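Structure first, then comments.
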There are 2 protein chains.
Amino acid sequence: MAKLITPRSEDYSRWYTDVVTQSRMADYSPVKGCMVIRPHGYALWENMQRVLDRMFKETGHQNAYFPLFIPKSFLAKEAEHVEGFAKECAIVTHTRLKSVTTDGKTEIVPDPESAIEEELIIRPTSETIIYSMFAKWVQSYRDLPLLINQWANVVRWEMRTRLFLRTTEFLWQEGHTAHATYEEAEEEARRMLDVYATFAEDYMAVPVLKGLKTEKEKFAGADHTYCIEGLMQDGRALQAGTSHHLGQNFSKPFDVKFQTESGDWRHAFTTSWGVSTRLVGAIVMAHGDDNGLVLPPRLAPIQAVIVPIFKGNDPKDAILAAATEVEGALIKAGVSVRLDARDNLSPGFKFNEWELAGVPVRIELGPKDLEKGSVCVVKRTNRAKSFVPVANVATAVPALLEELQAELLAAAKARRDASTFEVDTYDAFKEKLESTGGFLLAHWCGDGACEAAIHEDTKATVRVITFDGPMEKGSCVRCDNPSTRRVHFAKAY
Amino acid sequence: MAKLITPRSEDYSRWYTDVVTQSRMADYSPVKGCMVIRPHGYALWENMQRVLDRMFKETGHQNAYFPLFIPKSFLAKEAEHVEGFAKECAIVTHTRLKSVTTDGKTEIVPDPESAIEEELIIRPTSETIIYSMFAKWVQSYRDLPLLINQWANVVRWEMRTRLFLRTTEFLWQEGHTAHATYEEAEEEARRMLDVYATFAEDYMAVPVLKGLKTEKEKFAGADHTYCIEGLMQDGRALQAGTSHHLGQNFSKPFDVKFQTESGDWRHAFTTSWGVSTRLVGAIVMAHGDDNGLVLPPRLAPIQAVIVPIFKGNDPKDAILAAATEVEGALIKAGVSVRLDARDNLSPGFKFNEWELAGVPVRIELGPKDLEKGSVCVVKRTNRAKSFVPVANVATAVPALLEELQAELLAAAKARRDASTFEVDTYDAFKEKLESTGGFLLAHWCGDGACEAAIHEDTKATVRVITFDGPMEKGSCVRCDNPSTRRVHFAKAY
């Protein structure tokens with residue numbers, strides 16, 4: 001706790017790691033590339049799950065659970081898909097360990113006799129296994145749409161990992177749906193993208209751009225991929241969620257077909273969509289400051305902390321009694337509150353600790369407050385203080401939390417807008433990318449080779465082709481070929 | 001849906017599989033030994049999770065998440081532990097697939113160059129990885145107790161599997177706690193056993209015996225193991241949950257130690273405890289009948305279904321309006337209700353379908369009911385009908401659900417008690433086991449070799465040495481050596 005957090009201005013990447021580990025959201029594990037999500041981080045993820053799960057159910061989806069293992073041959077059925085995942089997967093080959101003693105040294109090794117017939121891949125995503133089941137369940141147009149979601153762990157063997165943002169194993173949800181027509185699947189893919197955008201903005205307080213991925217950036221096996229993209233404080237973009245229209249790319253190899261009302265057979269159109277624990281990292285990077293986490297009130301596991309202040313001859317019992325009363329009033333008002341009555345720590349130490357933990361509102365209650373019958377309410381973001389009569393706490397604190405939620409979104413939006421630049425020449429593009437980062441709105445010819453060259457030159461990628469344009473003719477920032485519109489480039493996590 | 005369910009009396013095992021698959025709780029997957037949990041089964045599991053999670057939090061535990069992968073060397077650190085799990089584990093050895101073409105035939109195989117340095121085991125349970133982290137987090141007596149729970153998937157390579165009851169991959173929760181003293185760990189292990197027993201009886205309506213496992217049946221690595229044991233309708237026992245006092249067996253090899261208040265260092269005492277999706281199978285087997293599932297109201301995803309009845313010239317609109325009114329009243333009363341207004345299916349078909357699905361209460365509303373301003377309420381268990389004025393539905397249905405919940409527990413208790421027999425000779429033991437099954441209360445000398453011989457002879461095991469005795473001197477049912485008490489034997493799932 002006493003360790004210092006590297007300031008953002010000094011080293012943003014170290015700041016991020018310091019905040020995540022020192023606030024006890026996550027820790028490095030002894031398994032390469034895998035993290036441990038500690039209670040403070042997991043409680044945030046649980047709150048995110050709860051809201052998303054409700055939104056999925058309100059849009060007609062049901063949860064189910066499919067095997068962790070994907071038979072090798074399943075992955076291979078969709079050519080782009082296996083190409084996309086073959087280089088980063090965990091492969092199970094044996095099922096028993098045995099002791100072997102060589103030169104007096106005993107070692108435990110996979111028993112060669114336990115080699116399995118067909119190797120199993122730990123799911124990097126579950127299209128293949130899920131559509132193999134859909135093929136059993138879907139017979140008639142009456143069975144459609146089939147709207148399924150799964151909360152699960154997945155594994156992608158990443159070489160360079162970062163807590164929450166990119167880990168070998170991560171937690172996520174993956175929606176998988178089957179529809180009778182292309183149009184219905186398209187509607188679904190767009191609907192779930194909207195759900196993600198609403199969640200990002202209304203709960204995470206992270207403003208996002210909505211739109212299409214380029215062919216190069218789309219999901220391996222998708223007809224096309226939609227995404228939401230946020231901008232972090234260091235000017236890098238972060239893909240916060242994707243929704244894929246898979247066309248009949250999976251329903252054909254896995255034979256998900258149905259009899260239409262008129263009696264003929266047709267392959268279904270499917271979609272998949274997902275968000276992951278990466279969103280925890282997005283919250284850290286979007287709102288955190290040099291004192292630690294800043295959690296959006298609607299998702300914060302602890303929304304308000306009460307710190308009683310007493311020393312020496314102060315009326316400790318009376319202060320604790322008043323603090324308990326405030327706690328009760330807040331619980332009744334639906335606020336998630338913690339009374340920090342630990343008596344071996346100073347108020348200052350507690351302030352730092354709860355600021356580090358990102359608790360949106362701190363409530364101080366000392367002898368003077370007790371006398372006046374009020375408490376001192378402090379905002380996590382700017383430490384602005386206000387004095388609130390105890391009788392008003394139950395209305396004032398929830399109102400302040402909502403105010404804070406709105407302020408966080410507004411601040412993030414202002415930062416994003418201030419870091420979005422139109423650039424018209426390749427030199428300006430490169431210069432801006434190096435000096436400030438951010439979203440670069442530039443013309444692009446639409447050619448994948450040109451996109452790859454820009455990436456090669458600058459490490460920037462087309463993050464999103466936004467739905468809301470603007471449509472405006474111009475010429476490609478790199479090759480000068482004609483372009484119909486600007487797209488958002490950025491370096492990304 | 002139209003398929004027949006094998007009657008229990010004909011073949012209990014086929015009855016179980018028929019009910020689970022036809023009610024759409026689960027399905028076989030293309031991966032050997034792994035199942036797919038379908039929405040109806042998963043919704044039940046979610047309800048169970050919700051209740052258990054609340055009970056864990058009320059007893060001071062916090063959720064966290066640890067890696068899926070256990071380094072081989074970790075498993076090996078506790079001798080009994082690796083012995084217990086080495087023969088049934090999924091081992092990851094490679095991280096990339098590559099295409100190989102031989103004689104014009106292309107195959108995808110693990111890339112030998114991607115062999116990992118130290119093989120990883122998919123967690124069969126997480127003691128080793130979790131205590132390696134506890135070692136980092138625990139320094140002082142002030143850090144104890146550390147009370148962690150994880151909801152996760154685990155893998156044990158089972159040869160003979162059965163939906164929910166024994167699958168290669170399953171979902172569970174595993175609690176892991178560290179304490180300053182043996183006594184505190186003992187208290188914790190007993191406390192969580194009580195939580196499980198309360199959950200089984202008050203929510204699942206499955207009566208359970210609480211007690212100790214024998215040395216032979218305890219968890220691999222535990223000092224001692226407590227369990228709850230239920231009895232299924234076919235007279236076989238089912239272990240429904242276990243709670244282990246691990247002593248210092250893991251804290252020593254993983255070096256989980258802390259400085260006491262007086263300044264010296266001591267290894268912590270740890271516990272672990274878990275229940276799994278096996279409990280879904282327990283509910284099926286404890287309450288189901290030849291018409292399908294019977295779900296306990298407190299856990300049923302759908303507690304009541306409304307089936308409007310109309311044909312020909314009946315006042316369909318008026319009936320649907322009244323049904324919608326009843327639905328609204330029940331939602332307001334906190335009942336999870338479904339109005340089945342599908343117009344392509346007959347009422348009789350719907351009755352069968354919802355009985356198969358185990359919905360505790362069916363509400364029928366036809367023209368005569370409409371005239372009388374009442375509905376016909378039917379209990380799933382015995383199809384007992386009662387007529388309830390629409391105005392009373394919001395109080396009558398919740399009361400009926402609670403009545404049903406109590407009846408299920410009472411019926412299961414009566415069955416369990418009627419299937420518990422004192423036996424005093426080995427011949428009677430064997431005869432009873434074959435003729436009726438059930439719990440056999442018999443004297444046992446306490447010797448593991450004798451226990452193994454009984455298992456070898458009869459397939460029965462000591463299920464539990466119950467806390468509440470009875471203490472009564474006698475002689476071992478097999479070897480005649482002196483015994484201090486009877487224990488519960490049974491064949492088990």
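Chain lettering (A, B, ...) mirrors the order of the structure tokens, residue numbering begins at 1 for each chain separately, and ligand numbering begins at 1 in order of display.
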Query raised in the report: Quick one: residues within 12 Å of segment 329-336 of chain B, only C-alpha atoms counted, chain neighbours fewer than 3 positions away excluded, as a VMD selection string?
Result: chain B and resid 47 297 to 306 322 to 326 339 359 to 361 363 390 to 402
Go ahead and save the residues from that selection, with N, CA and C atoms, as a tab-separated table (two decimals), in the first residue's frame.
```
chain	number	residue	atom	x	y	z
B	47	ASN	N	-29.64	-20.20	-10.67
B	47	ASN	CA	-30.39	-19.96	-9.44
B	47	ASN	C	-29.66	-20.55	-8.23
B	297	PRO	N	-39.55	-25.45	-5.86
B	297	PRO	CA	-39.99	-24.09	-6.20
B	297	PRO	C	-38.94	-23.01	-5.93
B	298	ARG	N	-38.16	-23.15	-4.85
B	298	ARG	CA	-37.21	-22.08	-4.52
B	298	ARG	C	-36.07	-21.96	-5.52
B	299	LEU	N	-35.88	-22.99	-6.34
B	299	LEU	CA	-34.81	-22.94	-7.34
B	299	LEU	C	-35.32	-23.00	-8.77
B	300	ALA	N	-36.59	-23.30	-8.96
B	300	ALA	CA	-37.11	-23.47	-10.32
B	300	ALA	C	-37.01	-22.19	-11.13
B	301	PRO	N	-36.41	-22.26	-12.33
B	301	PRO	CA	-36.33	-21.06	-13.18
B	301	PRO	C	-37.72	-20.52	-13.52
B	302	ILE	N	-38.66	-21.41	-13.78
B	302	ILE	CA	-40.06	-21.01	-13.97
B	302	ILE	C	-40.85	-21.69	-12.86
B	303	GLN	N	-41.50	-20.90	-12.02
B	303	GLN	CA	-42.22	-21.47	-10.87
B	303	GLN	C	-43.66	-21.80	-11.21
B	304	ALA	N	-44.22	-21.05	-12.12
B	304	ALA	CA	-45.62	-21.29	-12.48
B	304	ALA	C	-45.81	-20.99	-13.96
B	305	VAL	N	-46.60	-21.83	-14.62
B	305	VAL	CA	-46.90	-21.58	-16.03
B	305	VAL	C	-48.41	-21.43	-16.17
B	306	ILE	N	-48.81	-20.46	-16.96
B	306	ILE	CA	-50.23	-20.24	-17.20
B	306	ILE	C	-50.57	-20.78	-18.58
B	322	ALA	N	-57.49	-12.21	-19.40
B	322	ALA	CA	-57.52	-12.64	-18.00
B	322	ALA	C	-56.20	-13.31	-17.62
B	323	ALA	N	-55.66	-14.13	-18.56
B	323	ALA	CA	-54.39	-14.81	-18.29
B	323	ALA	C	-53.26	-13.79	-18.10
B	324	THR	N	-53.30	-12.74	-18.90
B	324	THR	CA	-52.28	-11.70	-18.79
B	324	THR	C	-52.39	-10.97	-17.46
B	325	GLU	N	-53.63	-10.81	-17.02
B	325	GLU	CA	-53.86	-10.17	-15.72
B	325	GLU	C	-53.27	-11.03	-14.59
B	326	VAL	N	-53.53	-12.35	-14.67
B	326	VAL	CA	-52.98	-13.27	-13.67
B	326	VAL	C	-51.45	-13.23	-13.70
B	339	LEU	N	-46.40	-17.21	-19.29
B	339	LEU	CA	-47.70	-17.38	-19.93
B	339	LEU	C	-47.47	-18.07	-21.27
B	359	VAL	N	-41.97	-27.68	-13.99
B	359	VAL	CA	-42.55	-26.45	-13.43
B	359	VAL	C	-43.50	-26.81	-12.28
B	360	PRO	N	-43.27	-26.27	-11.09
B	360	PRO	CA	-44.00	-26.73	-9.89
B	360	PRO	C	-45.52	-26.54	-9.95
B	361	VAL	N	-45.97	-25.44	-10.58
B	361	VAL	CA	-47.40	-25.16	-10.55
B	361	VAL	C	-47.89	-24.79	-11.95
B	363	ILE	N	-51.21	-23.29	-14.05
B	363	ILE	CA	-52.45	-22.54	-13.86
B	363	ILE	C	-53.25	-22.62	-15.16
B	390	VAL	N	-59.40	-15.31	-9.11
B	390	VAL	CA	-58.33	-14.52	-9.70
B	390	VAL	C	-57.77	-13.50	-8.70
B	391	ALA	N	-58.65	-12.94	-7.90
B	391	ALA	CA	-58.21	-11.92	-6.94
B	391	ALA	C	-57.26	-12.47	-5.89
B	392	ASN	N	-57.29	-13.80	-5.68
B	392	ASN	CA	-56.45	-14.40	-4.64
B	392	ASN	C	-55.15	-15.02	-5.17
B	393	VAL	N	-55.00	-15.00	-6.49
B	393	VAL	CA	-53.86	-15.70	-7.08
B	393	VAL	C	-52.52	-15.25	-6.50
B	394	ALA	N	-52.38	-13.95	-6.30
B	394	ALA	CA	-51.09	-13.40	-5.86
B	394	ALA	C	-50.70	-13.85	-4.46
B	395	THR	N	-51.67	-14.28	-3.66
B	395	THR	CA	-51.30	-14.82	-2.35
B	395	THR	C	-51.34	-16.34	-2.35
B	396	ALA	N	-52.29	-16.92	-3.10
B	396	ALA	CA	-52.46	-18.38	-3.08
B	396	ALA	C	-51.29	-19.10	-3.74
B	397	VAL	N	-50.78	-18.57	-4.87
B	397	VAL	CA	-49.72	-19.28	-5.59
B	397	VAL	C	-48.40	-19.29	-4.81
B	398	PRO	N	-47.95	-18.14	-4.28
B	398	PRO	CA	-46.73	-18.20	-3.47
B	398	PRO	C	-46.87	-19.14	-2.28
B	399	ALA	N	-48.05	-19.17	-1.67
B	399	ALA	CA	-48.26	-20.08	-0.53
B	399	ALA	C	-48.19	-21.53	-0.99
B	400	LEU	N	-48.77	-21.81	-2.14
B	400	LEU	CA	-48.74	-23.17	-2.68
B	400	LEU	C	-47.30	-23.58	-3.00
B	401	LEU	N	-46.52	-22.65	-3.52
B	401	LEU	CA	-45.12	-22.95	-3.86
B	401	LEU	C	-44.34	-23.32	-2.60
B	402	GLU	N	-44.57	-22.59	-1.53
B	402	GLU	CA	-43.88	-22.91	-0.27
B	402	GLU	C	-44.34	-24.26	0.28
```
Query raised in the report: What are the residues of chain A that have an atom within 6 Å of an atom of chain B, counting only C-alpha atoms, as a ChimeraX atom specification?
Result: /A:36-39,42,62-66,86-92,94-97
Saved selection, atoms kept: C-alpha atoms, as a PDB file, in the first residue's frame:
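As a result, result_23.pdb now contains:
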```
ATOM      1  CA  VAL A  36      -5.071 -13.703 -10.979  1.00  0.00           C
ATOM      2  CA  ILE A  37      -8.144 -11.515 -10.638  1.00  0.00           C
ATOM      3  CA  ARG A  38      -8.229 -10.482  -6.988  1.00  0.00           C
ATOM      4  CA  PRO A  39     -11.457  -9.753  -5.084  1.00  0.00           C
ATOM      5  CA  TYR A  42     -13.467  -9.552  -9.569  1.00  0.00           C
ATOM      6  CA  GLN A  62     -30.582 -17.423 -22.694  1.00  0.00           C
ATOM      7  CA  ASN A  63     -27.387 -18.618 -21.067  1.00  0.00           C
ATOM      8  CA  ALA A  64     -25.932 -22.048 -21.693  1.00  0.00           C
ATOM      9  CA  TYR A  65     -22.572 -23.756 -21.297  1.00  0.00           C
ATOM     10  CA  PHE A  66     -20.489 -25.593 -23.892  1.00  0.00           C
ATOM     11  CA  ALA A  86      -3.777 -21.908 -35.066  1.00  0.00           C
ATOM     12  CA  LYS A  87      -0.745 -19.917 -33.949  1.00  0.00           C
ATOM     13  CA  GLU A  88      -1.949 -19.107 -30.467  1.00  0.00           C
ATOM     14  CA  CYS A  89      -3.753 -22.048 -28.917  1.00  0.00           C
ATOM     15  CA  ALA A  90      -3.295 -24.396 -25.993  1.00  0.00           C
ATOM     16  CA  ILE A  91      -3.313 -28.002 -27.180  1.00  0.00           C
ATOM     17  CA  VAL A  92      -4.203 -30.942 -24.943  1.00  0.00           C
ATOM     18  CA  HIS A  94      -2.280 -36.441 -22.995  1.00  0.00           C
ATOM     19  CA  THR A  95      -4.462 -37.419 -20.052  1.00  0.00           C
ATOM     20  CA  ARG A  96      -2.152 -39.034 -17.497  1.00  0.00           C
ATOM     21  CA  LEU A  97       1.062 -38.143 -15.712  1.00  0.00           C
TER      22      LEU A  97
END
```
Query raised in the report: Could you work out how far atom CA of His287 of chain B lies from atom CA of Leu408 of chain B, giving the answer in Å with one decimal?
Result: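 Separation of atom CA of Leu408 of chain B and atom CA of His287 of chain B: 7.2 Å.
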Query raised in the report: Neighbours of segment 216-218 of chain B within 9 Å (only C-alpha atoms; same-chain residues fewer than 3 positions away dropped), as a list in words?
Result: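 Here the qualifying residues turn out to be Leu212, Lys213, Gly221, Ala222, Asp223, His224, Thr225, Tyr226, His244, Gly448, Glu451, Ala452, Thr461, Val462 and Arg463 of chain B.
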Report task. Determine, counting only C-alpha atoms, which protein, DNA and RNA residues have an atom within 12 Å of an atom of Asp289 of chain A; residues of the same chain fewer than 5 positions away are not included. Present the result as a ChimeraX atom specification. Result -> /A:5-9,12,15-16,18-20,233-234,283-284,294-295,355-358,380-382
Quick one: write out the picked residues with N, CA, C and O atoms as an mmCIF file, in the first residue's frame?
```
data_model
loop_
_atom_site.group_PDB
_atom_site.id
_atom_site.type_symbol
_atom_site.label_atom_id
_atom_site.label_comp_id
_atom_site.auth_asym_id
_atom_site.auth_seq_id
_atom_site.Cartn_x
_atom_site.Cartn_y
_atom_site.Cartn_z
ATOM 1 N N ILE A 5 2.860 5.168 -6.819
ATOM 2 C CA ILE A 5 2.362 4.893 -8.164
ATOM 3 C C ILE A 5 3.137 5.787 -9.124
ATOM 4 O O ILE A 5 3.225 7.000 -8.926
ATOM 5 N N THR A 6 3.702 5.194 -10.150
ATOM 6 C CA THR A 6 4.383 5.971 -11.185
ATOM 7 C C THR A 6 3.384 6.955 -11.799
ATOM 8 O O THR A 6 2.290 6.549 -12.178
ATOM 9 N N PRO A 7 3.728 8.252 -11.884
ATOM 10 C CA PRO A 7 2.775 9.192 -12.501
ATOM 11 C C PRO A 7 2.549 8.865 -13.982
ATOM 12 O O PRO A 7 3.455 8.385 -14.659
ATOM 13 N N ARG A 8 1.345 9.151 -14.450
ATOM 14 C CA ARG A 8 1.020 8.873 -15.853
ATOM 15 C C ARG A 8 1.973 9.578 -16.798
ATOM 16 O O ARG A 8 2.375 9.047 -17.825
ATOM 17 N N SER A 9 2.322 10.825 -16.439
ATOM 18 C CA SER A 9 3.170 11.616 -17.337
ATOM 19 C C SER A 9 4.558 11.003 -17.486
ATOM 20 O O SER A 9 5.222 11.184 -18.494
ATOM 21 N N TYR A 12 3.153 5.895 -18.720
ATOM 22 C CA TYR A 12 1.737 5.506 -18.660
ATOM 23 C C TYR A 12 1.574 4.010 -18.440
ATOM 24 O O TYR A 12 0.722 3.563 -17.684
ATOM 25 N N TRP A 15 2.401 3.220 -14.928
ATOM 26 C CA TRP A 15 1.291 3.721 -14.114
ATOM 27 C C TRP A 15 0.148 2.705 -14.092
ATOM 28 O O TRP A 15 -0.378 2.370 -13.032
ATOM 29 N N TYR A 16 -0.200 2.197 -15.286
ATOM 30 C CA TYR A 16 -1.307 1.244 -15.392
ATOM 31 C C TYR A 16 -1.053 0.006 -14.529
ATOM 32 O O TYR A 16 -1.909 -0.411 -13.738
ATOM 33 N N ASP A 18 1.050 -0.339 -12.039
ATOM 34 C CA ASP A 18 1.066 0.041 -10.622
ATOM 35 C C ASP A 18 -0.348 0.121 -10.058
ATOM 36 O O ASP A 18 -0.634 -0.397 -8.971
ATOM 37 N N VAL A 19 -1.224 0.784 -10.783
ATOM 38 C CA VAL A 19 -2.590 0.975 -10.294
ATOM 39 C C VAL A 19 -3.298 -0.373 -10.153
ATOM 40 O O VAL A 19 -3.923 -0.667 -9.134
ATOM 41 N N VAL A 20 -3.185 -1.204 -11.175
ATOM 42 C CA VAL A 20 -3.891 -2.493 -11.150
ATOM 43 C C VAL A 20 -3.380 -3.388 -10.017
ATOM 44 O O VAL A 20 -4.164 -4.011 -9.305
ATOM 45 N N GLN A 233 -6.422 7.424 -22.019
ATOM 46 C CA GLN A 233 -5.805 8.717 -21.695
ATOM 47 C C GLN A 233 -4.465 8.966 -22.381
ATOM 48 O O GLN A 233 -4.041 10.104 -22.505
ATOM 49 N N ASP A 234 -3.811 7.897 -22.801
ATOM 50 C CA ASP A 234 -2.520 8.071 -23.459
ATOM 51 C C ASP A 234 -2.661 8.193 -24.970
ATOM 52 O O ASP A 234 -1.668 8.164 -25.692
ATOM 53 N N ILE A 283 -11.691 0.517 -18.018
ATOM 54 C CA ILE A 283 -12.150 1.422 -16.950
ATOM 55 C C ILE A 283 -10.949 2.035 -16.233
ATOM 56 O O ILE A 283 -10.915 3.242 -15.956
ATOM 57 N N VAL A 284 -9.957 1.208 -15.939
ATOM 58 C CA VAL A 284 -8.757 1.725 -15.279
ATOM 59 C C VAL A 284 -8.130 2.834 -16.127
ATOM 60 O O VAL A 284 -7.854 3.937 -15.642
ATOM 61 N N VAL A 294 -10.224 5.232 -10.477
ATOM 62 C CA VAL A 294 -11.437 6.034 -10.314
ATOM 63 C C VAL A 294 -12.553 5.200 -10.929
ATOM 64 O O VAL A 294 -12.599 5.011 -12.147
ATOM 65 N N LEU A 295 -13.422 4.651 -10.101
ATOM 66 C CA LEU A 295 -14.439 3.745 -10.630
ATOM 67 C C LEU A 295 -15.757 4.472 -10.871
ATOM 68 O O LEU A 295 -16.185 5.290 -10.041
ATOM 69 N N GLU A 355 -8.797 5.983 -1.976
ATOM 70 C CA GLU A 355 -8.595 6.670 -3.259
ATOM 71 C C GLU A 355 -7.942 5.726 -4.254
ATOM 72 O O GLU A 355 -8.351 5.632 -5.410
ATOM 73 N N LEU A 356 -6.914 5.027 -3.813
ATOM 74 C CA LEU A 356 -6.255 4.028 -4.650
ATOM 75 C C LEU A 356 -7.266 3.004 -5.172
ATOM 76 O O LEU A 356 -7.215 2.586 -6.334
ATOM 77 N N ALA A 357 -8.221 2.636 -4.321
ATOM 78 C CA ALA A 357 -9.222 1.628 -4.696
ATOM 79 C C ALA A 357 -10.327 2.207 -5.584
ATOM 80 O O ALA A 357 -11.191 1.479 -6.061
ATOM 81 N N GLY A 358 -10.320 3.530 -5.773
ATOM 82 C CA GLY A 358 -11.252 4.139 -6.719
ATOM 83 C C GLY A 358 -12.653 4.375 -6.214
ATOM 84 O O GLY A 358 -13.560 4.646 -7.007
ATOM 85 N N ARG A 380 -14.073 11.615 -5.229
ATOM 86 C CA ARG A 380 -12.811 10.971 -5.571
ATOM 87 C C ARG A 380 -12.077 11.719 -6.679
ATOM 88 O O ARG A 380 -10.851 11.850 -6.641
ATOM 89 N N THR A 381 -12.816 12.237 -7.658
ATOM 90 C CA THR A 381 -12.176 12.801 -8.847
ATOM 91 C C THR A 381 -11.358 14.056 -8.534
ATOM 92 O O THR A 381 -10.194 14.132 -8.889
ATOM 93 N N ASN A 382 -11.982 15.046 -7.881
ATOM 94 C CA ASN A 382 -11.285 16.331 -7.677
ATOM 95 C C ASN A 382 -11.183 16.707 -6.204
ATOM 96 O O ASN A 382 -10.805 17.815 -5.869
#
```
Report task. Could you please determine the separation between atom CA of Arg485 of chain B and atom CA of Leu441 of chain B in Å, to one decimal place? Result ->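 Distance reported for this atom pair: 9.4 Å.
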